[in-house]
$ cat structure.pdb   # PDB, C-alpha atoms
ATOM      1  CA  MET A  42     129.254 122.193 128.898
ATOM      2  CA  ARG A  43     125.675 121.530 127.986
ATOM      3  CA  TYR A  44     122.929 119.928 130.048
ATOM      4  CA  HIS A  45     119.427 118.558 129.641
ATOM      5  CA  ASN A  46     117.863 118.955 133.050
ATOM      6  CA  ILE A  47     118.298 119.805 136.713
ATOM      7  CA  THR A  48     116.181 117.505 138.877
ATOM      8  CA  ARG A  49     115.206 118.704 142.331
ATOM      9  CA  ASP A  50     114.512 116.555 145.392
ATOM     10  CA  ASP A  51     115.640 113.351 143.674
ATOM     11  CA  MET A  52     115.739 110.100 145.664
ATOM     12  CA  LEU A  53     116.802 107.689 142.914
ATOM     13  CA  ASN A  54     120.299 108.850 141.970
ATOM     14  CA  GLY A  55     122.200 108.619 145.223
ATOM     15  CA  ASP A  56     121.705 108.543 148.942
ATOM     16  CA  GLY A  57     119.259 111.034 150.482
ATOM     17  CA  LEU A  58     117.462 113.861 148.722
ATOM     18  CA  ARG A  59     119.631 115.247 145.946
ATOM     19  CA  VAL A  60     119.820 117.652 143.075
ATOM     20  CA  VAL A  61     120.825 115.988 139.791
ATOM     21  CA  LEU A  62     122.570 117.639 136.865
ATOM     22  CA  TRP A  63     121.945 115.712 133.624
ATOM     23  CA  VAL A  64     124.777 116.675 131.278
ATOM     24  CA  ALA A  65     124.836 116.296 127.494
ATOM     25  CA  GLY A  66     127.400 114.088 125.811
ATOM     26  CA  CYS A  67     128.071 110.369 125.929
ATOM     27  CA  SER A  68     130.146 108.152 123.670
ATOM     28  CA  HIS A  69     129.158 104.812 125.219
ATOM     29  CA  TYR A  70     125.818 104.453 123.388
ATOM     30  CA  CYS A  71     124.631 101.686 125.703
ATOM     31  CA  LYS A  72     121.881  99.475 124.310
ATOM     32  CA  GLY A  73     118.777 100.118 126.420
ATOM     33  CA  CYS A  74     120.068 103.414 127.834
ATOM     34  CA  GLN A  75     117.390 105.303 129.755
ATOM     35  CA  ASN A  76     118.670 108.668 128.427
ATOM     36  CA  PRO A  77     119.722 108.368 124.769
ATOM     37  CA  VAL A  78     118.577 111.971 124.236
ATOM     38  CA  THR A  79     121.647 113.011 126.265
ATOM     39  CA  TRP A  80     124.218 111.346 123.987
ATOM     40  CA  ASN A  81     124.777 114.344 121.714
ATOM     41  CA  PRO A  82     127.317 116.721 123.340
ATOM     42  CA  ASP A  83     125.743 119.590 121.366
ATOM     43  CA  GLY A  84     122.237 118.821 122.626
ATOM     44  CA  GLY A  85     120.361 120.359 125.500
ATOM     45  CA  LEU A  86     121.046 123.797 126.930
ATOM     46  CA  LEU A  87     124.212 125.733 127.622
ATOM     47  CA  PHE A  88     125.169 125.428 131.301
ATOM     48  CA  ASP A  89     125.270 129.105 132.227
ATOM     49  CA  GLU A  90     125.191 131.248 135.371
ATOM     50  CA  THR A  91     121.409 130.870 135.633
ATOM     51  CA  ALA A  92     121.729 127.077 135.688
ATOM     52  CA  LYS A  93     124.569 127.274 138.212
ATOM     53  CA  ARG A  94     122.484 129.568 140.416
ATOM     54  CA  GLU A  95     119.623 127.045 140.298
ATOM     55  CA  LEU A  96     121.989 124.263 141.398
ATOM     56  CA  TYR A  97     123.368 126.361 144.223
ATOM     57  CA  GLU A  98     119.897 127.371 145.428
ATOM     58  CA  GLN A  99     119.034 123.689 145.681
ATOM     59  CA  LEU A 100     122.310 122.770 147.378
ATOM     60  CA  ALA A 101     121.804 125.522 149.952
ATOM     61  CA  LYS A 102     118.664 123.799 151.255
ATOM     62  CA  PRO A 103     119.489 122.000 154.512
ATOM     63  CA  TYR A 104     117.538 118.860 153.590
ATOM     64  CA  ILE A 105     119.446 118.331 150.316
ATOM     65  CA  SER A 106     122.191 115.733 150.836
ATOM     66  CA  GLY A 107     124.195 116.709 147.792
ATOM     67  CA  ILE A 108     124.505 116.680 144.031
ATOM     68  CA  THR A 109     124.620 113.889 141.500
ATOM     69  CA  PHE A 110     126.208 114.311 138.078
ATOM     70  CA  SER A 111     124.620 112.085 135.451
ATOM     71  CA  GLY A 112     123.680 112.286 131.822
ATOM     72  CA  GLY A 113     124.966 111.499 129.285
ATOM     73  CA  ASP A 114     128.370 111.046 130.810
ATOM     74  CA  PRO A 115     129.871 113.780 132.985
ATOM     75  CA  LEU A 116     133.326 112.457 132.041
ATOM     76  CA  HIS A 117     132.732 112.743 128.281
ATOM     77  CA  ALA A 118     135.532 114.790 126.704
ATOM     78  CA  ALA A 119     133.123 117.701 126.109
ATOM     79  CA  ASN A 120     132.285 117.841 129.839
ATOM     80  CA  ARG A 121     135.386 116.850 131.743
ATOM     81  CA  VAL A 122     136.971 120.261 132.384
ATOM     82  CA  ASP A 123     133.707 122.055 133.176
ATOM     83  CA  VAL A 124     132.518 119.227 135.420
ATOM     84  CA  ARG A 125     135.870 119.220 137.247
ATOM     85  CA  ASN A 126     135.668 122.984 137.811
ATOM     86  CA  LEU A 127     132.057 122.795 138.967
ATOM     87  CA  ILE A 128     132.820 119.937 141.358
ATOM     88  CA  GLU A 129     135.718 121.901 142.857
ATOM     89  CA  GLU A 130     133.521 124.968 143.286
ATOM     90  CA  ILE A 131     130.708 122.934 144.884
ATOM     91  CA  LYS A 132     133.130 121.229 147.256
ATOM     92  CA  GLU A 133     134.412 124.640 148.347
ATOM     93  CA  LYS A 134     130.998 126.317 148.728
ATOM     94  CA  PHE A 135     129.135 123.288 150.134
ATOM     95  CA  PRO A 136     131.737 121.128 151.921
ATOM     96  CA  ASP A 137     129.100 119.128 153.806
ATOM     97  CA  LYS A 138     127.211 118.057 150.677
ATOM     98  CA  THR A 139     128.075 114.773 149.002
ATOM     99  CA  ILE A 140     129.000 114.503 145.342
ATOM    100  CA  TRP A 141     127.955 111.464 143.323
ATOM    101  CA  LEU A 142     128.936 110.898 139.695
ATOM    102  CA  TYR A 143     127.695 108.365 137.143
ATOM    103  CA  THR A 144     129.984 107.414 134.258
ATOM    104  CA  GLY A 145     130.048 104.733 131.613
ATOM    105  CA  ASP A 146     133.800 104.500 132.040
ATOM    106  CA  VAL A 147     135.379 102.238 134.663
ATOM    107  CA  TRP A 148     137.217 103.212 137.830
ATOM    108  CA  GLU A 149     140.514 101.759 136.686
ATOM    109  CA  ASN A 150     140.578 104.180 133.710
ATOM    110  CA  ILE A 151     139.629 107.338 135.602
ATOM    111  CA  LEU A 152     141.012 107.064 139.135
ATOM    112  CA  HIS A 153     143.756 109.558 138.298
ATOM    113  CA  TYR A 154     141.435 112.262 136.931
ATOM    114  CA  PRO A 155     141.903 115.426 139.029
ATOM    115  CA  MET A 156     138.221 115.719 140.023
ATOM    116  CA  ILE A 157     138.121 112.221 141.532
ATOM    117  CA  LYS A 158     139.546 113.456 144.842
ATOM    118  CA  ASN A 159     136.390 115.580 145.327
ATOM    119  CA  ILE A 160     133.834 112.863 144.539
ATOM    120  CA  ASP A 161     132.248 110.862 147.341
ATOM    121  CA  VAL A 162     130.572 108.094 145.348
ATOM    122  CA  LEU A 163     131.131 107.034 141.752
ATOM    123  CA  VAL A 164     128.884 104.649 139.836
ATOM    124  CA  ASP A 165     130.991 103.195 137.042
ATOM    125  CA  GLY A 166     130.539 101.013 134.017
ATOM    126  CA  GLU A 167     128.378 100.976 130.945
ATOM    127  CA  PHE A 168     124.760  99.927 131.280
ATOM    128  CA  VAL A 169     124.464  96.351 129.987
ATOM    129  CA  ALA A 170     120.868  95.539 129.038
ATOM    130  CA  GLU A 171     121.431  91.791 129.488
ATOM    131  CA  GLN A 172     122.483  92.431 133.100
ATOM    132  CA  LYS A 173     119.644  94.832 133.918
ATOM    133  CA  ASP A 174     118.153  94.326 137.371
ATOM    134  CA  VAL A 175     115.461  96.714 138.628
ATOM    135  CA  LYS A 176     116.118  95.587 142.228
ATOM    136  CA  LEU A 177     119.610  97.082 142.259
ATOM    137  CA  LEU A 178     120.048 100.274 144.246
ATOM    138  CA  TRP A 179     121.660 103.237 142.456
ATOM    139  CA  LYS A 180     122.660 101.299 139.346
ATOM    140  CA  GLY A 181     120.912  99.726 136.389
ATOM    141  CA  SER A 182     122.936  96.602 135.594
ATOM    142  CA  LYS A 183     124.896  94.077 137.645
ATOM    143  CA  ASN A 184     128.258  94.942 136.077
ATOM    144  CA  GLN A 185     128.145  98.506 137.394
ATOM    145  CA  ARG A 186     129.796  99.333 140.708
ATOM    146  CA  VAL A 187     128.836 101.860 143.387
ATOM    147  CA  ILE A 188     132.268 102.924 144.623
ATOM    148  CA  ASP A 189     133.096 104.729 147.854
ATOM    149  CA  VAL A 190     135.740 106.991 146.333
ATOM    150  CA  GLN A 191     137.128 108.453 149.549
ATOM    151  CA  LYS A 192     137.652 105.025 151.171
ATOM    152  CA  THR A 193     139.147 103.727 147.931
ATOM    153  CA  LEU A 194     141.666 106.570 147.730
ATOM    154  CA  LEU A 195     142.880 105.732 151.257
ATOM    155  CA  GLN A 196     143.662 102.119 150.285
ATOM    156  CA  PRO A 197     147.261 101.036 149.649
ATOM    157  CA  ASP A 198     146.164 100.189 146.098
ATOM    158  CA  PRO A 199     143.497 102.685 144.979
ATOM    159  CA  ALA A 200     143.056 100.745 141.729
ATOM    160  CA  VAL A 201     140.992  98.260 143.757
ATOM    161  CA  PRO A 202     137.705 100.032 144.466
ATOM    162  CA  VAL A 203     135.885  99.826 147.788
ATOM    163  CA  LEU A 204     132.183  99.385 147.176
ATOM    164  CA  HIS A 205     129.871 101.928 148.782
ATOM    165  CA  SER A 206     127.738  99.173 150.219
ATOM    166  CA  PRO A 207     128.313  95.496 149.484
ATOM    167  CA  ASP A 208     124.661  94.798 150.355
ATOM    168  CA  TYR A 209     123.635  96.504 147.108
ATOM    169  CA  ALA A 210     126.078  94.733 144.786
TER
END
$ encode --input "structure.pdb" --output "structure tokens"
Amino acid sequence: MRYHNITRDDMLNGDGLRVVLWVAGCSHYCKGCQNPVTWNPDGGLLFDETAKRELYEQLAKPYISGITFSGGDPLHAANRVDVRNLIEEIKEKFPDKTIWLYTGDVWENILHYPMIKNIDVLVDGEFVAEQKDVKLLWKGSKNQRVIDVQKTLLQPDPAVPVLHSPDYA
């Protein structure tokens, strides 16, 4: 897996203060994307032990709510296995921290991915420039959904997502 940046003390990509891992690789190529530099899966830097140590140092801080995976697309084929393994490791080492993940894919296509069970909130859907709304919380366009993954997985039909907060739809 490759990445472009690790953002510390972020308040824009999830609830509370977070650390954000911006991975490389996206095949959605959304018009108006805020991070087109992250599209190339061979771009950025190799995610190595030094990068992992930096993430863990941030997650160990008591005021950090959790981690957000963004990019690029953490569920791009070049990232999926490494992201799954990292999410599992984070969940084990930092069970009280929340895990958010942004993807251009939609819930209905990914709800059976193994890492989903360890994600707290998933923001799904491609960014659609014509539906851009700067007043939306945690998403860029109206078509995207902020999904409470754990509540959704408890539903009789987990294919119907439970929104994290209907007030922000």
$ resolve_selection --input "structure.pdb" --expression "the PyMOL selection byres ((chain A and resi 49) around 7)" --output "tab-separated table (two decimals) with C-alpha atoms, in the frame of the given file"
chain	number	residue	atom	x	y	z
A	47	ILE	CA	118.30	119.80	136.71
A	48	THR	CA	116.18	117.50	138.88
A	50	ASP	CA	114.51	116.56	145.39
A	51	ASP	CA	115.64	113.35	143.67
A	59	ARG	CA	119.63	115.25	145.95
A	60	VAL	CA	119.82	117.65	143.07
A	61	VAL	CA	120.82	115.99	139.79
$ residues_around --input "structure.pdb" --residues "segment 103-113 of chain A" --least-positions-apart "5" --cutoff "9 Å" --atoms "only C-alpha atoms" --output "MDAnalysis selection string"
chainID A and resid 44:46 50 54:69 76:82 96 124 131 135 137:145
$ closest_residue --input "structure.pdb" --among "A:Asp189, A:Asp89, A:Asp174, A:Glu133" --to "Ile160 of chain A" --atoms "only C-alpha atoms"
A:Asp189
$ atom_distance --input "structure.pdb" --atom1 "atom CA of Pro202 of chain A" --atom2 "atom CA of Val190 of chain A"
7.5 Å
$ residues_around --input "structure.pdb" --residues "Pro199 of chain A" --least-positions-apart "2" --cutoff "10 Å" --atoms "all atoms listed in the file" --output "ChimeraX atom specification"
/A:148-149,152-153,190-197,201-203
$ residues_around --input "structure.pdb" --residues "Val169 of chain A" --least-positions-apart "6" --cutoff "7 Å" --atoms "only C-alpha atoms" --output "PyMOL selection string"
chain A and resi 71-72+182
$ write_last_selection --input "structure.pdb" --atoms "C-alpha atoms" --output "mmCIF file, in the coordinates of the input"
data_model
loop_
_atom_site.group_PDB
_atom_site.id
_atom_site.type_symbol
_atom_site.label_atom_id
_atom_site.label_comp_id
_atom_site.auth_asym_id
_atom_site.auth_seq_id
_atom_site.Cartn_x
_atom_site.Cartn_y
_atom_site.Cartn_z
ATOM 1 C CA CYS A 71 124.631 101.686 125.703
ATOM 2 C CA LYS A 72 121.881 99.475 124.310
ATOM 3 C CA SER A 182 122.936 96.602 135.594
#
$ atom_distance --input "structure.pdb" --atom1 "atom CA of Glu98 of chain A" --atom2 "atom CA of Pro136 of chain A"
14.9 Å
$ atom_distance --input "structure.pdb" --atom1 "atom CA of Glu171 of chain A" --atom2 "atom CA of Arg186 of chain A"
15.9 Å
$ residues_around --input "structure.pdb" --residues "Gln185 of chain A" --least-positions-apart "3" --cutoff "8 Å" --atoms "all atoms listed in the file" --output "PyMOL selection string"
chain A and resi 164-168+180-182
$ closest_residue --input "structure.pdb" --among "A:Arg43, A:Arg94, A:Lys158, A:Lys102" --to "His117 of chain A" --atoms "only C-alpha atoms"
A:Arg43
$ closest_residue --input "structure.pdb" --among "A:Glu129, A:Lys183, A:Val162, A:Leu87" --to "Ser206 of chain A" --atoms "all atoms listed in the file"
A:Val162
$ closest_residue --input "structure.pdb" --among "A:Ala101, A:Val187, A:Met156, A:Ile151" --to "Asp123 of chain A" --atoms "all atoms listed in the file"
A:Met156
$ closest_residue --input "structure.pdb" --among "A:Ala119, A:Asn159, A:Leu127, A:Asp114" --to "Ala92 of chain A" --atoms "all atoms listed in the file"
A:Leu127
$ axis_aligned_box --input "structure.pdb" --around "segment 133-144 of chain A" --padding-each-side "3 Å" --output "lines of an AutoDock Vina configuration file"
center_x = 130.8
center_y = 116.9
center_z = 144.0
size_x = 13.2
size_y = 24.9
size_z = 25.5
$ closest_residue --input "structure.pdb" --among "A:Leu53, A:Leu163, A:Ala170, A:Ala200" --to "Ile188 of chain A" --atoms "all atoms listed in the file"
A:Leu163
$ decode --input "structure.pdb" --residues "segment 108-123 of chain A" --atoms "all heavy atoms" --output "mmCIF file, in the first residue's frame"
data_model
loop_
_atom_site.group_PDB
_atom_site.id
_atom_site.type_symbol
_atom_site.label_atom_id
_atom_site.label_comp_id
_atom_site.auth_asym_id
_atom_site.auth_seq_id
_atom_site.Cartn_x
_atom_site.Cartn_y
_atom_site.Cartn_z
ATOM 1 N N ILE A 108 -9.230 7.024 13.839
ATOM 2 C CA ILE A 108 -8.558 7.154 12.551
ATOM 3 C C ILE A 108 -9.589 7.188 11.430
ATOM 4 O O ILE A 108 -10.632 6.540 11.512
ATOM 5 C CB ILE A 108 -7.558 6.003 12.320
ATOM 6 C CG1 ILE A 108 -6.776 6.212 11.015
ATOM 7 C CG2 ILE A 108 -8.248 4.649 12.362
ATOM 8 C CD1 ILE A 108 -5.586 5.289 10.853
ATOM 9 N N THR A 109 -9.251 7.948 10.400
ATOM 10 C CA THR A 109 -10.048 7.989 9.190
ATOM 11 C C THR A 109 -9.167 7.564 8.022
ATOM 12 O O THR A 109 -8.058 8.061 7.874
ATOM 13 C CB THR A 109 -10.603 9.402 8.937
ATOM 14 O OG1 THR A 109 -11.448 9.774 10.031
ATOM 15 C CG2 THR A 109 -11.392 9.461 7.633
ATOM 16 N N PHE A 110 -9.674 6.633 7.229
ATOM 17 C CA PHE A 110 -9.005 6.207 6.005
ATOM 18 C C PHE A 110 -9.665 6.946 4.850
ATOM 19 O O PHE A 110 -10.876 6.870 4.673
ATOM 20 C CB PHE A 110 -9.156 4.694 5.800
ATOM 21 C CG PHE A 110 -8.374 3.875 6.769
ATOM 22 C CD1 PHE A 110 -8.874 3.594 8.030
ATOM 23 C CD2 PHE A 110 -7.122 3.383 6.422
ATOM 24 C CE1 PHE A 110 -8.148 2.831 8.929
ATOM 25 C CE2 PHE A 110 -6.385 2.616 7.322
ATOM 26 C CZ PHE A 110 -6.899 2.352 8.580
ATOM 27 N N SER A 111 -8.852 7.657 4.069
ATOM 28 C CA SER A 111 -9.352 8.399 2.931
ATOM 29 C C SER A 111 -8.348 8.287 1.806
ATOM 30 O O SER A 111 -7.471 7.434 1.827
ATOM 31 C CB SER A 111 -9.615 9.863 3.327
ATOM 32 O OG SER A 111 -10.387 10.518 2.345
ATOM 33 N N GLY A 112 -8.464 9.135 0.827
ATOM 34 C CA GLY A 112 -7.495 9.029 -0.271
ATOM 35 C C GLY A 112 -7.824 9.964 -1.400
ATOM 36 O O GLY A 112 -8.344 11.045 -1.189
ATOM 37 N N GLY A 113 -7.659 9.370 -2.546
ATOM 38 C CA GLY A 113 -7.700 8.023 -3.037
ATOM 39 C C GLY A 113 -8.920 7.270 -2.494
ATOM 40 O O GLY A 113 -9.876 7.820 -2.022
ATOM 41 N N ASP A 114 -8.845 5.985 -2.640
ATOM 42 C CA ASP A 114 -9.899 5.114 -2.129
ATOM 43 C C ASP A 114 -9.255 3.958 -1.374
ATOM 44 O O ASP A 114 -8.577 3.135 -1.976
ATOM 45 C CB ASP A 114 -10.765 4.589 -3.274
ATOM 46 C CG ASP A 114 -12.024 3.884 -2.790
ATOM 47 O OD1 ASP A 114 -12.059 3.432 -1.630
ATOM 48 O OD2 ASP A 114 -12.976 3.780 -3.583
ATOM 49 N N PRO A 115 -9.483 3.887 -0.065
ATOM 50 C CA PRO A 115 -8.919 2.791 0.716
ATOM 51 C C PRO A 115 -9.367 1.405 0.240
ATOM 52 O O PRO A 115 -8.693 0.419 0.505
ATOM 53 C CB PRO A 115 -9.431 3.058 2.134
ATOM 54 C CG PRO A 115 -9.754 4.508 2.158
ATOM 55 C CD PRO A 115 -10.202 4.852 0.766
ATOM 56 N N LEU A 116 -10.475 1.346 -0.494
ATOM 57 C CA LEU A 116 -10.967 0.053 -0.984
ATOM 58 C C LEU A 116 -10.564 -0.216 -2.429
ATOM 59 O O LEU A 116 -11.042 -1.180 -3.032
ATOM 60 C CB LEU A 116 -12.488 -0.031 -0.816
ATOM 61 C CG LEU A 116 -12.981 0.096 0.632
ATOM 62 C CD1 LEU A 116 -14.485 -0.083 0.703
ATOM 63 C CD2 LEU A 116 -12.272 -0.877 1.554
ATOM 64 N N HIS A 117 -9.687 0.600 -2.980
ATOM 65 C CA HIS A 117 -9.115 0.326 -4.311
ATOM 66 C C HIS A 117 -8.416 -1.027 -4.225
ATOM 67 O O HIS A 117 -7.868 -1.403 -3.182
ATOM 68 C CB HIS A 117 -8.131 1.435 -4.678
ATOM 69 C CG HIS A 117 -7.521 1.295 -6.020
ATOM 70 N ND1 HIS A 117 -6.423 0.505 -6.252
ATOM 71 C CD2 HIS A 117 -7.858 1.840 -7.213
ATOM 72 C CE1 HIS A 117 -6.102 0.582 -7.530
ATOM 73 N NE2 HIS A 117 -6.964 1.388 -8.137
ATOM 74 N N ALA A 118 -8.403 -1.765 -5.318
ATOM 75 C CA ALA A 118 -7.811 -3.107 -5.324
ATOM 76 C C ALA A 118 -6.375 -3.125 -4.810
ATOM 77 O O ALA A 118 -5.958 -4.081 -4.154
ATOM 78 C CB ALA A 118 -7.874 -3.689 -6.735
ATOM 79 N N ALA A 119 -5.619 -2.064 -5.043
ATOM 80 C CA ALA A 119 -4.223 -2.006 -4.590
ATOM 81 C C ALA A 119 -4.113 -1.827 -3.080
ATOM 82 O O ALA A 119 -3.050 -2.057 -2.505
ATOM 83 C CB ALA A 119 -3.482 -0.869 -5.297
ATOM 84 N N ASN A 120 -5.205 -1.440 -2.424
ATOM 85 C CA ASN A 120 -5.175 -1.117 -0.993
ATOM 86 C C ASN A 120 -5.925 -2.101 -0.108
ATOM 87 O O ASN A 120 -5.659 -2.189 1.090
ATOM 88 C CB ASN A 120 -5.793 0.268 -0.755
ATOM 89 C CG ASN A 120 -5.056 1.355 -1.466
ATOM 90 O OD1 ASN A 120 -3.840 1.328 -1.571
ATOM 91 N ND2 ASN A 120 -5.798 2.327 -1.981
ATOM 92 N N ARG A 121 -6.866 -2.793 -0.678
ATOM 93 C CA ARG A 121 -7.861 -3.525 0.105
ATOM 94 C C ARG A 121 -7.267 -4.459 1.164
ATOM 95 O O ARG A 121 -7.676 -4.420 2.324
ATOM 96 C CB ARG A 121 -8.765 -4.301 -0.841
ATOM 97 C CG ARG A 121 -10.149 -4.472 -0.323
ATOM 98 C CD ARG A 121 -11.075 -5.028 -1.382
ATOM 99 N NE ARG A 121 -11.262 -4.071 -2.455
ATOM 100 C CZ ARG A 121 -11.424 -4.405 -3.723
ATOM 101 N NH1 ARG A 121 -11.426 -5.666 -4.093
ATOM 102 N NH2 ARG A 121 -11.585 -3.485 -4.637
ATOM 103 N N VAL A 122 -6.323 -5.273 0.805
ATOM 104 C CA VAL A 122 -5.768 -6.250 1.761
ATOM 105 C C VAL A 122 -4.979 -5.534 2.858
ATOM 106 O O VAL A 122 -5.149 -5.813 4.049
ATOM 107 C CB VAL A 122 -4.897 -7.299 1.041
ATOM 108 C CG1 VAL A 122 -4.150 -8.172 2.044
ATOM 109 C CG2 VAL A 122 -5.761 -8.164 0.133
ATOM 110 N N ASP A 123 -4.131 -4.594 2.472
ATOM 111 C CA ASP A 123 -3.332 -3.874 3.470
ATOM 112 C C ASP A 123 -4.205 -3.032 4.392
ATOM 113 O O ASP A 123 -3.957 -2.964 5.599
ATOM 114 C CB ASP A 123 -2.280 -2.996 2.788
ATOM 115 C CG ASP A 123 -1.184 -3.818 2.126
ATOM 116 O OD1 ASP A 123 -0.884 -4.922 2.623
ATOM 117 O OD2 ASP A 123 -0.626 -3.355 1.116
#
